[in-house]
>>> print(open('target36.txt').read())   # compact mmCIF, C-alpha atoms and all ligand atoms
# COMPACT_ATOMS: atom_id res chain seq x y z
CA MET W 1 339.86 64.34 -14.18
CA ALA W 2 342.61 64.11 -11.54
CA ALA W 3 342.92 60.28 -11.50
CA SER W 4 343.58 60.02 -15.24
CA ARG W 5 346.42 62.57 -14.88
CA ASN W 6 347.88 60.62 -11.94
CA VAL W 7 347.75 63.75 -9.82
CA MET W 8 345.32 64.84 -7.14
CA ARG W 9 344.41 67.65 -4.80
CA ALA W 10 346.02 67.22 -1.40
CA VAL W 11 346.98 69.38 1.55
CA ARG W 12 350.74 69.58 2.08
CA VAL W 13 352.74 70.90 5.03
CA PHE W 14 356.28 72.03 4.13
CA GLU W 15 357.14 73.67 7.47
CA PHE W 16 355.68 73.47 10.99
CA GLY W 17 353.69 76.47 12.13
CA GLY W 18 350.23 78.06 12.33
CA PRO W 19 347.22 76.95 10.26
CA ASP W 20 348.56 78.92 7.24
CA VAL W 21 351.25 76.29 6.66
CA LEU W 22 348.50 73.98 5.34
CA LYS W 23 348.78 74.34 1.55
CA LEU W 24 346.21 72.84 -0.79
CA GLN W 25 347.98 71.70 -3.97
CA SER W 26 346.37 70.36 -7.13
CA ASP W 27 349.34 68.52 -8.65
CA VAL W 28 350.30 66.00 -5.96
CA LEU W 29 351.13 62.54 -7.32
CA ILE W 30 348.52 59.90 -6.47
CA PRO W 31 350.41 57.38 -4.32
CA SER W 32 350.69 53.74 -5.45
CA PRO W 33 349.87 51.02 -2.93
CA LYS W 34 352.64 48.53 -2.13
CA ALA W 35 351.99 44.77 -1.87
CA GLN W 36 350.02 44.88 1.42
CA GLN W 37 348.48 48.31 0.96
CA VAL W 38 345.33 49.75 -0.58
CA LEU W 39 344.60 53.02 -2.39
CA ILE W 40 341.39 54.66 -1.12
CA LYS W 41 339.42 57.34 -2.95
CA VAL W 42 338.71 59.62 0.00
CA HIS W 43 335.09 60.72 0.49
CA ALA W 44 335.58 62.23 3.96
CA CYS W 45 338.40 62.65 6.47
CA GLY W 46 337.94 63.36 10.17
CA VAL W 47 339.83 66.32 11.65
CA ASN W 48 341.38 65.53 15.03
CA PRO W 49 342.78 68.22 17.37
CA VAL W 50 346.11 66.33 17.51
CA GLU W 51 346.63 67.17 13.83
CA THR W 52 346.85 70.85 14.81
CA TYR W 53 349.43 70.11 17.52
CA ILE W 54 351.52 68.05 15.06
CA ARG W 55 351.22 70.77 12.39
CA SER W 56 352.44 73.40 14.86
CA GLY W 57 355.63 71.39 15.48
CA THR W 58 355.17 71.39 19.27
CA TYR W 59 353.99 67.79 19.55
CA ALA W 60 356.26 64.95 20.71
CA ARG W 61 355.84 63.07 17.42
CA LYS W 62 356.84 64.97 14.28
CA PRO W 63 356.42 63.61 10.74
CA ALA W 64 359.15 64.14 8.16
CA LEU W 65 358.43 67.21 5.99
CA PRO W 66 356.66 67.64 3.68
CA TYR W 67 353.63 65.62 4.72
CA THR W 68 349.85 65.41 4.34
CA PRO W 69 347.88 65.30 7.64
CA GLY W 70 344.87 63.10 8.36
CA THR W 71 344.28 59.55 9.57
CA ASP W 72 340.50 58.98 9.81
CA VAL W 73 339.56 58.40 6.19
CA ALA W 74 336.34 56.93 4.79
CA GLY W 75 335.99 56.18 1.11
CA VAL W 76 336.08 53.56 -1.61
CA ILE W 77 338.89 51.19 -2.57
CA GLU W 78 340.45 52.34 -5.86
CA THR W 79 343.23 49.74 -6.20
CA VAL W 80 344.86 47.10 -4.00
CA GLY W 81 348.44 45.84 -3.66
CA GLU W 82 349.22 42.41 -5.12
CA GLN W 83 349.07 40.59 -1.75
CA VAL W 84 345.78 42.12 -0.58
CA THR W 85 342.89 39.67 -0.60
CA ALA W 86 340.59 41.25 2.01
CA PHE W 87 339.49 44.16 -0.22
CA LYS W 88 338.72 44.84 -3.87
CA LYS W 89 338.04 47.90 -6.02
CA GLY W 90 334.71 49.48 -5.09
CA ASP W 91 334.58 48.33 -1.43
CA ARG W 92 333.41 50.98 1.06
CA VAL W 93 335.98 51.31 3.86
CA PHE W 94 337.27 53.42 6.74
CA THR W 95 340.74 53.62 8.26
CA MET W 96 342.41 54.45 11.53
CA GLU W 97 345.77 55.25 9.95
CA THR W 98 347.01 56.24 6.53
CA ILE W 99 350.50 56.16 5.09
CA SER W 100 350.19 59.07 2.66
CA GLY W 101 347.74 61.30 4.63
CA GLY W 102 343.97 61.72 4.58
CA TYR W 103 343.53 65.43 3.71
CA ALA W 104 343.60 64.47 0.03
CA GLU W 105 341.54 63.01 -2.81
CA TYR W 106 343.33 59.66 -2.49
CA ALA W 107 345.18 57.99 0.38
CA VAL W 108 347.27 54.85 0.72
CA ALA W 109 346.82 52.76 3.87
CA ALA W 110 348.11 49.40 5.13
CA ALA W 111 345.36 46.84 4.40
CA ASP W 112 345.37 45.66 8.04
CA LYS W 113 344.51 49.20 9.23
CA VAL W 114 341.45 49.35 6.95
CA PHE W 115 337.94 48.14 7.85
CA PRO W 116 334.77 47.59 5.84
CA LEU W 117 332.34 50.49 6.29
CA PRO W 118 328.93 49.04 7.25
CA ASP W 119 326.09 49.99 4.87
CA LYS W 120 324.14 51.75 7.60
CA LEU W 121 326.83 54.43 7.95
CA ASP W 122 327.63 57.11 5.36
CA PHE W 123 331.16 58.23 4.52
CA LYS W 124 331.12 61.24 6.86
CA GLN W 125 330.14 58.96 9.73
CA GLY W 126 332.87 56.55 8.63
CA ALA W 127 335.40 59.36 9.01
CA ALA W 128 334.16 59.91 12.58
CA ILE W 129 334.77 56.38 13.88
CA ALA W 130 338.40 55.43 14.40
CA VAL W 131 340.21 57.95 16.61
CA PRO W 132 337.08 59.14 18.48
CA TYR W 133 335.58 55.73 19.31
CA PHE W 134 338.86 53.91 19.88
CA THR W 135 339.96 56.68 22.25
CA ALA W 136 336.64 56.73 24.10
CA TYR W 137 336.65 52.94 24.45
CA ARG W 138 340.26 52.97 25.66
CA ALA W 139 339.55 55.70 28.22
CA LEU W 140 336.33 54.22 29.56
CA CYS W 141 336.85 50.48 29.35
CA GLN W 142 340.53 49.61 28.92
CA LYS W 143 342.04 52.21 31.26
CA GLY W 144 339.05 53.40 33.30
CA HIS W 145 337.56 49.92 33.89
CA ALA W 146 334.05 51.38 33.81
CA LYS W 147 331.35 49.14 35.26
CA ALA W 148 327.59 49.10 34.80
CA GLY W 149 325.91 51.14 37.49
CA GLU W 150 328.76 53.63 37.84
CA THR W 151 328.38 57.31 37.02
CA VAL W 152 330.58 58.93 34.39
CA LEU W 153 331.05 62.62 33.67
CA VAL W 154 332.15 63.23 30.07
CA HIS W 155 333.74 66.64 30.54
CA GLY W 156 333.58 67.95 26.96
CA ALA W 157 330.93 65.64 25.54
CA SER W 158 329.85 67.49 22.40
CA GLY W 159 332.90 66.75 20.18
CA GLY W 160 334.19 63.62 18.45
CA VAL W 161 335.56 61.72 21.47
CA GLY W 162 332.88 63.05 23.85
CA ILE W 163 329.93 61.81 21.83
CA ALA W 164 331.63 58.45 21.36
CA ALA W 165 332.19 58.25 25.14
CA CYS W 166 328.53 59.06 25.87
CA GLN W 167 327.28 56.36 23.47
CA ILE W 168 329.68 53.70 24.77
CA ALA W 169 329.04 54.53 28.43
CA ARG W 170 325.28 54.40 27.95
CA ALA W 171 325.55 51.06 26.16
CA CYS W 172 327.68 49.72 29.04
CA GLY W 173 324.99 50.58 31.59
CA LEU W 174 326.56 53.65 33.18
CA LYS W 175 324.75 56.76 34.34
CA VAL W 176 326.03 59.37 31.87
CA LEU W 177 326.52 63.08 32.54
CA GLY W 178 327.99 65.26 29.78
CA THR W 179 329.05 68.87 29.31
CA ALA W 180 328.95 71.16 26.29
CA GLY W 181 329.49 74.86 25.72
CA THR W 182 326.20 75.70 24.02
CA GLU W 183 322.50 74.84 24.22
CA GLU W 184 322.74 73.04 20.84
CA GLY W 185 325.78 71.11 22.08
CA MET W 186 323.92 70.08 25.23
CA ASN W 187 321.00 68.83 23.13
CA THR W 188 323.44 66.85 20.96
CA VAL W 189 324.92 65.30 24.10
CA LEU W 190 321.45 64.35 25.38
CA ARG W 191 320.56 62.79 22.01
CA ASN W 192 323.72 60.68 22.17
CA GLY W 193 323.27 58.82 25.42
CA ALA W 194 323.67 61.34 28.25
CA HIS W 195 321.05 61.28 30.99
CA GLN W 196 321.86 64.86 31.94
CA ALA W 197 323.79 67.72 30.31
CA PHE W 198 325.57 70.75 31.81
CA ASN W 199 327.05 73.86 30.17
CA HIS W 200 330.79 74.20 30.88
CA ARG W 201 330.66 77.88 29.83
CA GLU W 202 328.17 78.71 32.56
CA ALA W 203 329.79 80.25 35.66
CA ASN W 204 327.96 78.06 38.19
CA TYR W 205 327.88 74.74 36.31
CA ILE W 206 330.18 73.02 38.81
CA SER W 207 327.75 73.84 41.63
CA LYS W 208 324.92 72.45 39.51
CA LEU W 209 326.94 69.29 38.90
CA LYS W 210 327.69 68.91 42.62
CA GLU W 211 324.05 69.44 43.46
CA TYR W 212 323.03 66.82 40.89
CA THR W 213 325.51 64.15 41.97
CA GLY W 214 325.17 64.82 45.72
CA VAL W 215 327.74 63.58 48.23
CA GLU W 216 328.41 60.44 46.20
CA GLY W 217 330.08 62.27 43.30
CA VAL W 218 331.03 60.67 39.99
CA ASP W 219 333.05 57.48 39.60
CA ILE W 220 334.80 58.34 36.35
CA ILE W 221 335.53 61.61 34.55
CA ILE W 222 336.52 61.49 30.87
CA GLU W 223 338.38 64.79 30.68
CA MET W 224 338.85 66.64 27.36
CA LEU W 225 340.50 69.79 28.75
CA SER W 226 342.56 68.78 31.79
CA ASN W 227 344.61 71.95 31.87
CA VAL W 228 341.41 73.82 32.72
CA ASN W 229 339.41 71.27 34.70
CA LEU W 230 341.69 68.84 36.56
CA ALA W 231 341.69 70.59 39.94
CA THR W 232 337.88 70.85 39.95
CA ASP W 233 337.50 67.29 38.67
CA LEU W 234 339.21 65.96 41.80
CA GLN W 235 336.47 67.56 43.87
CA LEU W 236 333.70 65.97 41.83
CA LEU W 237 334.93 62.39 42.23
CA SER W 238 333.46 59.67 44.40
CA ARG W 239 335.59 57.55 46.73
CA GLY W 240 337.99 55.55 44.54
CA GLY W 241 337.02 57.69 41.55
CA ARG W 242 339.31 58.25 38.58
CA VAL W 243 339.94 61.08 36.13
CA MET W 244 340.89 59.90 32.66
CA VAL W 245 343.15 62.53 31.07
CA VAL W 246 342.19 62.38 27.39
CA GLY W 247 342.76 66.00 26.34
CA CYS W 248 345.34 68.45 27.69
CA ARG W 249 346.69 71.69 26.23
CA GLY W 250 349.05 72.88 28.95
CA PRO W 251 350.03 72.73 32.62
CA VAL W 252 347.64 73.01 35.57
CA GLU W 253 348.03 73.35 39.32
CA ILE W 254 346.31 70.78 41.53
CA ASN W 255 346.38 70.00 45.22
CA PRO W 256 347.49 66.34 45.52
CA ARG W 257 345.74 66.25 48.90
CA ASP W 258 342.47 66.17 46.95
CA THR W 259 343.39 62.66 45.76
CA MET W 260 344.07 61.43 49.31
CA SER W 261 340.69 62.18 50.83
CA LYS W 262 339.01 59.85 48.32
CA GLU W 263 341.92 57.66 47.21
CA SER W 264 341.22 58.86 43.71
CA SER W 265 343.39 58.39 40.62
CA ILE W 266 344.49 60.54 37.70
CA ILE W 267 345.14 58.29 34.70
CA GLY W 268 346.66 59.32 31.38
CA VAL W 269 345.16 57.92 28.18
CA SER W 270 347.04 57.54 24.90
CA LEU W 271 345.50 55.78 21.93
CA PHE W 272 349.00 55.74 20.44
CA LEU W 273 350.14 53.32 23.17
CA ALA W 274 347.39 50.75 22.57
CA THR W 275 348.81 47.32 21.77
CA GLU W 276 347.70 45.34 18.72
CA GLU W 277 345.54 43.20 20.99
CA GLU W 278 343.95 46.28 22.58
CA ARG W 279 343.26 47.74 19.14
CA ARG W 280 341.59 44.52 18.08
CA GLU W 281 339.43 44.72 21.20
CA CYS W 282 338.46 48.32 20.30
CA THR W 283 337.60 47.22 16.77
CA THR W 284 335.39 44.39 18.03
CA ALA W 285 333.58 46.73 20.42
CA VAL W 286 333.02 49.28 17.64
CA PHE W 287 331.61 46.72 15.17
CA ASP W 288 329.39 45.24 17.89
CA GLY W 289 328.04 48.72 18.61
CA ILE W 290 327.35 49.44 14.94
CA GLU W 291 325.58 46.10 14.54
CA ALA W 292 323.51 46.60 17.68
CA GLY W 293 322.62 50.09 16.50
CA TRP W 294 323.74 52.20 19.49
CA LEU W 295 326.99 53.30 17.84
CA LYS W 296 326.05 56.12 15.48
CA PRO W 297 328.76 58.71 14.80
CA THR W 298 327.40 62.26 14.84
CA VAL W 299 328.97 64.56 12.28
CA GLY W 300 329.32 68.23 13.21
CA SER W 301 330.94 70.92 11.07
CA GLU W 302 331.95 70.06 7.51
CA TYR W 303 334.64 71.83 5.49
CA PRO W 304 335.74 71.41 1.88
CA LEU W 305 339.50 70.80 1.46
CA GLU W 306 339.83 74.45 0.34
CA LYS W 307 338.83 75.52 3.86
CA VAL W 308 341.38 73.37 5.69
CA VAL W 309 343.06 76.42 7.29
CA LYS W 310 339.71 77.53 8.72
CA ALA W 311 339.00 73.99 9.92
CA HIS W 312 342.27 73.96 11.91
CA GLU W 313 341.51 77.39 13.37
CA ASP W 314 337.96 76.43 14.31
CA ILE W 315 338.70 73.08 15.94
CA ILE W 316 340.87 74.84 18.52
CA HIS W 317 338.82 78.04 18.95
CA CYS W 318 335.51 76.26 18.70
CA SER W 319 332.34 78.23 19.25
CA GLY W 320 330.48 75.05 20.21
CA ALA W 321 330.94 71.51 18.88
CA GLN W 322 327.95 69.43 17.81
CA GLY W 323 329.75 66.32 16.64
CA LYS W 324 332.86 65.31 14.75
CA MET W 325 334.50 67.79 12.35
CA VAL W 326 335.09 66.37 8.85
CA LEU W 327 336.90 67.52 5.70
CA LEU W 328 335.38 66.75 2.30
CA PRO W 329 337.72 66.50 -0.69
P1 LIG T 1 336.59 68.15 19.49
O1 LIG T 1 335.68 67.36 18.61
O2 LIG T 1 337.20 69.40 18.99
O3 LIG T 1 335.79 68.45 20.85
C1 LIG T 1 336.35 69.26 21.87
C2 LIG T 1 335.44 69.16 23.07
O4 LIG T 1 336.00 69.89 24.17
C3 LIG T 1 334.06 69.76 22.79
O5 LIG T 1 333.08 68.93 23.36
C4 LIG T 1 334.12 71.08 23.53
O6 LIG T 1 332.83 71.55 23.94
C5 LIG T 1 334.95 70.64 24.73
N1 LIG T 1 335.37 71.76 25.58
C6 LIG T 1 335.59 73.05 25.25
N2 LIG T 1 335.85 73.78 26.36
C7 LIG T 1 335.78 72.91 27.41
C8 LIG T 1 335.92 73.04 28.83
N3 LIG T 1 336.24 74.21 29.40
N4 LIG T 1 335.78 71.94 29.58
C9 LIG T 1 335.47 70.74 29.05
N5 LIG T 1 335.33 70.55 27.73
C10 LIG T 1 335.48 71.62 26.92
O7 LIG T 1 337.82 67.26 19.97
P2 LIG T 1 337.86 65.66 20.21
O8 LIG T 1 338.28 65.01 18.96
O9 LIG T 1 336.64 65.27 20.89
O10 LIG T 1 339.10 65.58 21.23
C11 LIG T 1 338.95 66.07 22.56
C12 LIG T 1 340.34 66.14 23.21
O11 LIG T 1 340.87 64.83 23.33
C13 LIG T 1 341.36 66.95 22.41
O12 LIG T 1 342.17 67.69 23.29
C14 LIG T 1 342.18 65.89 21.71
O13 LIG T 1 343.48 66.33 21.40
C15 LIG T 1 342.17 64.79 22.76
N6 LIG T 1 342.39 63.43 22.24
C16 LIG T 1 343.26 62.65 22.93
C17 LIG T 1 343.48 61.34 22.53
C18 LIG T 1 344.38 60.47 23.34
O14 LIG T 1 344.80 59.40 22.89
N7 LIG T 1 344.68 60.87 24.58
C19 LIG T 1 342.86 60.84 21.37
C20 LIG T 1 341.96 61.67 20.68
C21 LIG T 1 341.73 62.97 21.14
P3 LIG T 1 332.12 72.83 23.24
O15 LIG T 1 332.69 72.98 21.87
O16 LIG T 1 330.66 72.45 23.25
O17 LIG T 1 332.44 73.98 24.15
>>> encode(input="target36.txt", output="structure tokens")
Amino acid sequence: MAASRNVMRAVRVFEFGGPDVLKLQSDVLIPSPKAQQVLIKVHACGVNPVETYIRSGTYARKPALPYTPGTDVAGVIETVGEQVTAFKKGDRVFTMETISGGYAEYAVAAADKVFPLPDKLDFKQGAAIAVPYFTAYRALCQKGHAKAGETVLVHGASGGVGIAACQIARACGLKVLGTAGTEEGMNTVLRNGAHQAFNHREANYISKLKEYTGVEGVDIIIEMLSNVNLATDLQLLSRGGRVMVVGCRGPVEINPRDTMSKESSIIGVSLFLATEEERRECTTAVFDGIEAGWLKPTVGSEYPLEKVVKAHEDIIHCSGAQGKMVLLP
């Protein structure tokens, strides 16, 4: 058994590049938690698109090599550092950050970045909470200042952040429209809080959206693929509307005049820039939602650690998301 040998299976990246640089190794030392850290036996780890950008070496933030990717871990506390009182061996937890990396059988995390995993959620759901829900809450509430009665378009609603945004928006009293690329994805979006779903792979879906929203347009757009949609988004907005740029994979040409006619705003969102206070606010909102029962992470495709290369290929060239992608050690 790996633990008794003090080694574990973990994915390691020794050089930046394509998905093939992800190497699953079976003799990686199990990290030891320092005084204010915990060691988690990983049961599931969320895969976030940003992990592919970091792996490729093109992202602004680069970890020192070699490293193990993965931040959204759910699992069970194995050991705790000597100053940790909040957790004990056997506690079910999830994290929003790890120190040693989550694509592994064990991960060390700072105790103050670890949260108890409520009984009503399983480990896969636990691995679908932190980055998706914190990002969606930041985009909608902290930066987008969404108000009950407004209309939101979640442009790319079938993946991790999109489903979180639909659930939060619905709970906050907004009218929720969501897009997906498949029939199954649209059904997932409708099951997760959207009043109406549209297919962003259909040639005339923008006309359908315009027809549905009428002259009023939408107040907020949570945009997952700005490099494709930003110019069109500006035409869908209401007066004073705002586009929240959550996802972007390249440049795009827009006509700034389109912002003048409605005094609309384009607002960048970065979870990385959230202050400690803002993160605490996200945490409170998430736990309130779990307790109330409307926050239910939806897990989509699942991959064993052995298939990590495929997972990184598929999250970018997705044939249709139906929830959060997770890796299972
Ligand atoms: P995900 O689970 O892989 O979901 C991707 C979503 O994009 C799916 O709903 C997909 O729909 C949709 N999509 C595909 N083509 C689209 C199109 N033409 N127009 C609109 N949507 C389209 O990824 P995620 O975790 O939700 O993350 C979404 C984006 O947000 C990524 O770019 C990620 O890097 C970014 N992100 C940013 C932050 C931040 O702090 N700014 C934090 C987290 C994530 P189908 O598969 O149904 O086609």
>>> atom_distance(input="target36.txt", atom1="atom CA of W:Gln37", atom2="atom CA of W:Asp112")
8.2 Å
>>> residues_near_ligand(input="target36.txt", ligand="ligand LIG 1 (chain T)", cutoff="7 Å", atoms="all atoms listed in the file", output="PyMOL selection string")
chain W and resi 48-50+131-132+135+155-162+179-182+185+200-201+223-225+228-229+245-249+269-272+315-316+318-325
>>> atom_distance(input="target36.txt", atom1="atom CA of W:Leu22", atom2="atom CA of W:Lys62")
15.2 Å
>>> closest_atom_pairs(input="target36.txt", of="stretch 23-111 of chain W", to="stretch 298-312 of chain W", cutoff="12 Å", atoms="all atoms listed in the file", output="JSON lines")
{"residue": "W:Lys23", "atom": "CA", "partner": "W:Val309", "partner_atom": "CA", "distance": 8.4}
{"residue": "W:Leu24", "atom": "CA", "partner": "W:Glu306", "partner_atom": "CA", "distance": 6.7}
{"residue": "W:Gln25", "atom": "CA", "partner": "W:Glu306", "partner_atom": "CA", "distance": 9.6}
{"residue": "W:Ser26", "atom": "CA", "partner": "W:Glu306", "partner_atom": "CA", "distance": 10.7}
{"residue": "W:Val42", "atom": "CA", "partner": "W:Leu305", "partner_atom": "CA", "distance": 11.3}
{"residue": "W:His43", "atom": "CA", "partner": "W:Pro304", "partner_atom": "CA", "distance": 10.8}
{"residue": "W:Ala44", "atom": "CA", "partner": "W:Glu302", "partner_atom": "CA", "distance": 9.3}
{"residue": "W:Cys45", "atom": "CA", "partner": "W:Leu305", "partner_atom": "CA", "distance": 9.6}
{"residue": "W:Gly46", "atom": "CA", "partner": "W:Val299", "partner_atom": "CA", "distance": 9.3}
{"residue": "W:Val47", "atom": "CA", "partner": "W:Ala311", "partner_atom": "CA", "distance": 7.9}
{"residue": "W:Asn48", "atom": "CA", "partner": "W:His312", "partner_atom": "CA", "distance": 9.0}
{"residue": "W:Pro49", "atom": "CA", "partner": "W:His312", "partner_atom": "CA", "distance": 7.9}
{"residue": "W:Val50", "atom": "CA", "partner": "W:His312", "partner_atom": "CA", "distance": 10.2}
{"residue": "W:Glu51", "atom": "CA", "partner": "W:His312", "partner_atom": "CA", "distance": 8.3}
{"residue": "W:Thr52", "atom": "CA", "partner": "W:His312", "partner_atom": "CA", "distance": 6.2}
{"residue": "W:Tyr53", "atom": "CA", "partner": "W:His312", "partner_atom": "CA", "distance": 9.9}
{"residue": "W:Ile54", "atom": "CA", "partner": "W:His312", "partner_atom": "CA", "distance": 11.4}
{"residue": "W:Arg55", "atom": "CA", "partner": "W:His312", "partner_atom": "CA", "distance": 9.5}
{"residue": "W:Ser56", "atom": "CA", "partner": "W:His312", "partner_atom": "CA", "distance": 10.6}
{"residue": "W:Thr68", "atom": "CA", "partner": "W:Val308", "partner_atom": "CA", "distance": 11.7}
{"residue": "W:Pro69", "atom": "CA", "partner": "W:Val308", "partner_atom": "CA", "distance": 10.5}
{"residue": "W:Gly70", "atom": "CA", "partner": "W:Val308", "partner_atom": "CA", "distance": 11.2}
{"residue": "W:Gly102", "atom": "CA", "partner": "W:Leu305", "partner_atom": "CA", "distance": 10.6}
{"residue": "W:Tyr103", "atom": "CA", "partner": "W:Leu305", "partner_atom": "CA", "distance": 7.1}
{"residue": "W:Ala104", "atom": "CA", "partner": "W:Leu305", "partner_atom": "CA", "distance": 7.7}
{"residue": "W:Glu105", "atom": "CA", "partner": "W:Leu305", "partner_atom": "CA", "distance": 9.1}
>>> atom_distance(input="target36.txt", atom1="atom CA of W:Glu78", atom2="atom CA of W:Ala285")
27.7 Å
>>> residues_near_point(input="target36.txt", point="(346.2, 54.4, 0.6)", cutoff="10 Å", atoms="only C-alpha atoms", output="ChimeraX atom specification")
/W:30-34,37-42,73,77-81,95,97-102,106-111,114
>>> closest_residue(input="target36.txt", among="W:Leu328, W:Leu209, W:Met244, W:Ala274", to="W:Gly144", atoms="all atoms listed in the file")
W:Met244
>>> residues_around(input="target36.txt", residues="W:Ile129", least_positions_apart="2", cutoff="9 Å", atoms="all atoms listed in the file", output="PyMOL selection string")
chain W and resi 46+72+94-96+125-127+131-134+160+164+286+296-297
>>> closest_residue(input="target36.txt", among="W:Leu65, W:Cys166, W:Ile267, W:Ala171", to="W:His145", atoms="only C-alpha atoms")
W:Ile267
>>> residues_around(input="target36.txt", residues="W:Thr259", least_positions_apart="3", cutoff="12 Å", atoms="all atoms listed in the file", output="ChimeraX atom specification")
/W:230-243,254-256,262-266
>>> residues_near_point(input="target36.txt", point="(356.4, 71.6, 5.8)", cutoff="9 Å", atoms="all atoms listed in the file", output="short mmCIF file (atom, residue, chain, number, x, y, z; two decimals) with C-alpha atoms, in the coordinates of the input")
data_model
loop_
_atom_site.label_atom_id
_atom_site.label_comp_id
_atom_site.auth_asym_id
_atom_site.auth_seq_id
_atom_site.Cartn_x
_atom_site.Cartn_y
_atom_site.Cartn_z
CA ARG W 12 350.74 69.58 2.08
CA VAL W 13 352.74 70.90 5.03
CA PHE W 14 356.28 72.03 4.13
CA GLU W 15 357.14 73.67 7.47
CA PHE W 16 355.68 73.47 10.99
CA GLY W 17 353.69 76.47 12.13
CA VAL W 21 351.25 76.29 6.66
CA LEU W 22 348.50 73.98 5.34
CA ARG W 55 351.22 70.77 12.39
CA ALA W 64 359.15 64.14 8.16
CA LEU W 65 358.43 67.21 5.99
CA PRO W 66 356.66 67.64 3.68
CA TYR W 67 353.63 65.62 4.72
#
>>> closest_residue(input="target36.txt", among="W:Phe87, W:Leu153, W:Glu184, W:Gly18", to="W:Gln196", atoms="all atoms listed in the file")
W:Leu153
>>> residues_around(input="target36.txt", residues="W:Arg92", least_positions_apart="4", cutoff="8 Å", atoms="only C-alpha atoms", output="mmCIF file with C-alpha atoms, in the frame of the given file")
data_model
loop_
_atom_site.group_PDB
_atom_site.id
_atom_site.type_symbol
_atom_site.label_atom_id
_atom_site.label_comp_id
_atom_site.auth_asym_id
_atom_site.auth_seq_id
_atom_site.Cartn_x
_atom_site.Cartn_y
_atom_site.Cartn_z
ATOM 1 C CA ALA W 74 336.340 56.930 4.790
ATOM 2 C CA GLY W 75 335.990 56.180 1.110
ATOM 3 C CA VAL W 76 336.080 53.560 -1.610
ATOM 4 C CA ILE W 77 338.890 51.190 -2.570
ATOM 5 C CA PRO W 116 334.770 47.590 5.840
ATOM 6 C CA LEU W 117 332.340 50.490 6.290
ATOM 7 C CA PRO W 118 328.930 49.040 7.250
#
>>> closest_residue(input="target36.txt", among="W:Asp119, W:Glu183, W:Glu291, W:Glu82", to="W:Ala197", atoms="all atoms listed in the file")
W:Glu183
>>> residues_around(input="target36.txt", residues="W:Leu29", least_positions_apart="6", cutoff="7 Å", atoms="only C-alpha atoms", output="number ranges by chain")
W: 6-8
>>> build_atoms(input="target36.txt", residues="stretch 194-203 of chain W", atoms="N, CA, C and O atoms", output="PDB file, keeping the file's coordinate frame")
ATOM      1  N   ALA W 194     323.550  60.751  26.901  1.00  0.00           N
ATOM      2  CA  ALA W 194     323.670  61.340  28.250  1.00  0.00           C
ATOM      3  C   ALA W 194     322.297  61.407  28.916  1.00  0.00           C
ATOM      4  O   ALA W 194     321.300  61.703  28.264  1.00  0.00           O
ATOM      5  N   HIS W 195     322.290  61.120  30.222  1.00  0.00           N
ATOM      6  CA  HIS W 195     321.050  61.280  30.990  1.00  0.00           C
ATOM      7  C   HIS W 195     320.838  62.744  31.356  1.00  0.00           C
ATOM      8  O   HIS W 195     319.717  63.194  31.525  1.00  0.00           O
ATOM      9  N   GLN W 196     321.954  63.471  31.504  1.00  0.00           N
ATOM     10  CA  GLN W 196     321.860  64.860  31.940  1.00  0.00           C
ATOM     11  C   GLN W 196     323.010  65.644  31.315  1.00  0.00           C
ATOM     12  O   GLN W 196     324.116  65.115  31.188  1.00  0.00           O
ATOM     13  N   ALA W 197     322.736  66.895  30.917  1.00  0.00           N
ATOM     14  CA  ALA W 197     323.790  67.720  30.310  1.00  0.00           C
ATOM     15  C   ALA W 197     323.977  69.007  31.109  1.00  0.00           C
ATOM     16  O   ALA W 197     323.021  69.533  31.696  1.00  0.00           O
ATOM     17  N   PHE W 198     325.216  69.502  31.118  1.00  0.00           N
ATOM     18  CA  PHE W 198     325.570  70.750  31.810  1.00  0.00           C
ATOM     19  C   PHE W 198     326.363  71.616  30.835  1.00  0.00           C
ATOM     20  O   PHE W 198     327.008  71.088  29.913  1.00  0.00           O
ATOM     21  N   ASN W 199     326.337  72.945  31.076  1.00  0.00           N
ATOM     22  CA  ASN W 199     327.050  73.860  30.170  1.00  0.00           C
ATOM     23  C   ASN W 199     328.355  74.318  30.814  1.00  0.00           C
ATOM     24  O   ASN W 199     328.341  75.074  31.793  1.00  0.00           O
ATOM     25  N   HIS W 200     329.503  73.860  30.251  1.00  0.00           N
ATOM     26  CA  HIS W 200     330.790  74.200  30.880  1.00  0.00           C
ATOM     27  C   HIS W 200     331.189  75.665  30.656  1.00  0.00           C
ATOM     28  O   HIS W 200     332.248  76.082  31.109  1.00  0.00           O
ATOM     29  N   ARG W 201     330.374  76.436  29.930  1.00  0.00           N
ATOM     30  CA  ARG W 201     330.660  77.880  29.830  1.00  0.00           C
ATOM     31  C   ARG W 201     329.839  78.700  30.835  1.00  0.00           C
ATOM     32  O   ARG W 201     329.989  79.906  30.922  1.00  0.00           O
ATOM     33  N   GLU W 202     328.987  78.019  31.572  1.00  0.00           N
ATOM     34  CA  GLU W 202     328.170  78.710  32.560  1.00  0.00           C
ATOM     35  C   GLU W 202     328.966  78.819  33.867  1.00  0.00           C
ATOM     36  O   GLU W 202     329.562  77.827  34.304  1.00  0.00           O
ATOM     37  N   ALA W 203     328.939  80.012  34.490  1.00  0.00           N
ATOM     38  CA  ALA W 203     329.790  80.250  35.660  1.00  0.00           C
ATOM     39  C   ALA W 203     329.524  79.255  36.797  1.00  0.00           C
ATOM     40  O   ALA W 203     330.458  78.814  37.472  1.00  0.00           O
TER      41      ALA W 203
END
